[in-house]
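Student: Next up is a structure, given as structure tokens.
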Amino acid sequence: MNDKKVVLVACGTGIATSTVVNNALEELAKEHGLQLEIIQCKMMEVPGYADRADLLITTTVVDKDKYNFPVINGRAFLTGMGLDKTKEEILAELQK
């Protein structure tokens with residue numbers, strides 16, 4: 001599977017929490033041999049990437065119906081609670 005998936009990692013400012021998720025996602029991709037293009041951005045920048053995104057992982061509350069790609073809550077990367085489930089969700093989407 002060599003299709004590079006485009007994953008948006010977004011938080012309110014595009015700096016703090018999205019960096020944590022970004023790093024975790026890079027590790028996950030490495031572990032599972034996934035080709036990802038990870039775009040770290042602010043939530044307000046997401047619509048600008050919407051035409052090429054395969055997945056959005058965010059640490060903020062969003063209206064998932066606003067997007068035509070899956071949206072996964074990435075707060076587990078910050079709290080550690082439910083992290084395995086979140087990783088499974090992400091992998092399931094990326095391996096489609």
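Chain labels A, B, ... are given in the sequence in which chains occur in the structure tokens; within each chain residues are numbered consecutively from 1, and ligands are likewise numbered from 1 in the order shown.
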List the spatial neighbours of Val46 of chain A as number ranges by chain - criterion: any atom at most 12 Å away, only C-alpha atoms, same-chain residues fewer than 3 positions off excluded.
Tutor: A: 7-14, 39-43, 49-58, 62, 66-69, 71
Student: Excluding segment 79-82 of chain A and its own-chain neighbours fewer than 6 positions away, which residues fall within 12 Å of it when counting only C-alpha atoms? Please give them as a PyMOL selection string.
Tutor: chain A and resi 17+20-21+24+59+73+88-89
Student: Deliver the residues from the most recent selection as a file, using all heavy atoms, as a PDB file, in the first residue's frame.
Tutor:
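Final file, out05.pdb:
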ATOM      1  N   THR A  17      -0.657  21.397  21.369  1.00  0.00           N
ATOM      2  CA  THR A  17      -1.178  20.031  21.434  1.00  0.00           C
ATOM      3  C   THR A  17      -1.055  19.307  20.097  1.00  0.00           C
ATOM      4  O   THR A  17      -0.856  18.101  20.067  1.00  0.00           O
ATOM      5  CB  THR A  17      -2.653  20.002  21.906  1.00  0.00           C
ATOM      6  OG1 THR A  17      -3.454  20.763  21.012  1.00  0.00           O
ATOM      7  CG2 THR A  17      -2.782  20.552  23.305  1.00  0.00           C
ATOM      8  N   VAL A  20       2.223  17.382  19.881  1.00  0.00           N
ATOM      9  CA  VAL A  20       2.206  16.103  20.597  1.00  0.00           C
ATOM     10  C   VAL A  20       1.571  15.027  19.717  1.00  0.00           C
ATOM     11  O   VAL A  20       2.109  13.928  19.556  1.00  0.00           O
ATOM     12  CB  VAL A  20       1.429  16.228  21.932  1.00  0.00           C
ATOM     13  CG1 VAL A  20       1.280  14.880  22.612  1.00  0.00           C
ATOM     14  CG2 VAL A  20       2.115  17.229  22.852  1.00  0.00           C
ATOM     15  N   VAL A  21       0.434  15.350  19.125  1.00  0.00           N
ATOM     16  CA  VAL A  21      -0.275  14.396  18.271  1.00  0.00           C
ATOM     17  C   VAL A  21       0.552  14.092  17.019  1.00  0.00           C
ATOM     18  O   VAL A  21       0.662  12.943  16.607  1.00  0.00           O
ATOM     19  CB  VAL A  21      -1.677  14.934  17.883  1.00  0.00           C
ATOM     20  CG1 VAL A  21      -2.365  13.973  16.918  1.00  0.00           C
ATOM     21  CG2 VAL A  21      -2.524  15.145  19.123  1.00  0.00           C
ATOM     22  N   ALA A  24       3.312  11.624  17.834  1.00  0.00           N
ATOM     23  CA  ALA A  24       2.745  10.297  18.082  1.00  0.00           C
ATOM     24  C   ALA A  24       2.320   9.646  16.768  1.00  0.00           C
ATOM     25  O   ALA A  24       2.490   8.438  16.566  1.00  0.00           O
ATOM     26  CB  ALA A  24       1.560  10.405  19.033  1.00  0.00           C
ATOM     27  N   THR A  59      -7.507  18.066  18.571  1.00  0.00           N
ATOM     28  CA  THR A  59      -7.598  18.070  20.029  1.00  0.00           C
ATOM     29  C   THR A  59      -8.678  19.040  20.497  1.00  0.00           C
ATOM     30  O   THR A  59      -8.865  19.220  21.685  1.00  0.00           O
ATOM     31  CB  THR A  59      -6.245  18.461  20.657  1.00  0.00           C
ATOM     32  OG1 THR A  59      -5.848  19.720  20.114  1.00  0.00           O
ATOM     33  CG2 THR A  59      -5.185  17.415  20.361  1.00  0.00           C
ATOM     34  N   ASN A  73     -10.995  12.379  17.356  1.00  0.00           N
ATOM     35  CA  ASN A  73     -10.588  13.177  18.506  1.00  0.00           C
ATOM     36  C   ASN A  73      -9.223  12.685  18.982  1.00  0.00           C
ATOM     37  O   ASN A  73      -9.066  11.512  19.321  1.00  0.00           O
ATOM     38  CB  ASN A  73     -11.628  13.029  19.618  1.00  0.00           C
ATOM     39  CG  ASN A  73     -11.329  13.900  20.805  1.00  0.00           C
ATOM     40  OD1 ASN A  73     -10.185  14.120  21.174  1.00  0.00           O
ATOM     41  ND2 ASN A  73     -12.385  14.404  21.419  1.00  0.00           N
ATOM     42  N   GLU A  88      -6.148   2.665  17.292  1.00  0.00           N
ATOM     43  CA  GLU A  88      -6.843   1.675  16.443  1.00  0.00           C
ATOM     44  C   GLU A  88      -7.768   2.363  15.446  1.00  0.00           C
ATOM     45  O   GLU A  88      -7.835   1.968  14.285  1.00  0.00           O
ATOM     46  CB  GLU A  88      -7.660   0.712  17.317  1.00  0.00           C
ATOM     47  CG  GLU A  88      -6.825  -0.342  17.993  1.00  0.00           C
ATOM     48  CD  GLU A  88      -7.602  -1.119  19.046  1.00  0.00           C
ATOM     49  OE1 GLU A  88      -8.849  -1.210  18.936  1.00  0.00           O
ATOM     50  OE2 GLU A  88      -6.957  -1.632  19.975  1.00  0.00           O
ATOM     51  N   GLU A  89      -8.485   3.376  15.923  1.00  0.00           N
ATOM     52  CA  GLU A  89      -9.389   4.139  15.056  1.00  0.00           C
ATOM     53  C   GLU A  89      -8.617   4.786  13.907  1.00  0.00           C
ATOM     54  O   GLU A  89      -9.031   4.740  12.747  1.00  0.00           O
ATOM     55  CB  GLU A  89     -10.020   5.280  15.882  1.00  0.00           C
ATOM     56  CG  GLU A  89     -11.481   5.163  16.149  1.00  0.00           C
ATOM     57  CD  GLU A  89     -11.970   6.409  16.894  1.00  0.00           C
ATOM     58  OE1 GLU A  89     -11.805   6.457  18.133  1.00  0.00           O
ATOM     59  OE2 GLU A  89     -12.497   7.327  16.239  1.00  0.00           O
TER      60      GLU A  89
END
Student: Tell me, in Å to one decimal, how far atom CA of Met44 of chain A is from atom CA of Lys85 of chain A.
Tutor: 26.6 Å
Student: Which residue out of A:Leu28, A:Leu36, A:Lys5, A:Lys96 has the minimum interatomic distance to Phe77 of chain A when only C-alpha atoms are used?
Tutor: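 Once distances to Phe77 of chain A are computed over only C-alpha atoms, the minimum belongs to A:Leu28.
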Student: Enumerate, as an MDAnalysis selection string, the complete set of residues in chain A that a backbone-based DSSP assignment places in alpha helix (DSSP H).
Tutor: chainID A and resid 16:32 46:49 76:79 83:94
Student: In terms of the shortest atom-to-atom distance over only C-alpha atoms, which of A:Glu45, A:Lys87, A:Lys64, A:Ala76 is closest to Glu27 of chain A?
Tutor: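 Using only C-alpha atoms, Glu27 of chain A sits closest to A:Lys87.
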Student: Do you have the atom CA of Asp65 of chain A-atom CA of His32 of chain A distance handy?
Tutor: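 Answer for the atom CA of Asp65 of chain A to atom CA of His32 of chain A separation: 28.7 Å.
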Student: Using DSSP on the backbone, list every residue of chain A that comes out as strand (DSSP E or B), and give them as a list in words.
Tutor: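 The strand (DSSP E or B) subset of chain A is Lys5, Val6, Val7, Leu8, Val9, Ala10, Cys11, Leu36, Glu37, Ile38, Ile39, Gln40, Cys41, Lys42, Leu55, Leu56, Ile57, Thr58, Val71, Ile72 and Asn73 of chain A.
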Student: State, in Å with one decimal place, the distance from atom CA of Ile90 of chain A to atom CA of Val6 of chain A.
Tutor: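 Straight-line distance from atom CA of Ile90 of chain A to atom CA of Val6 of chain A works out to 12.3 Å.
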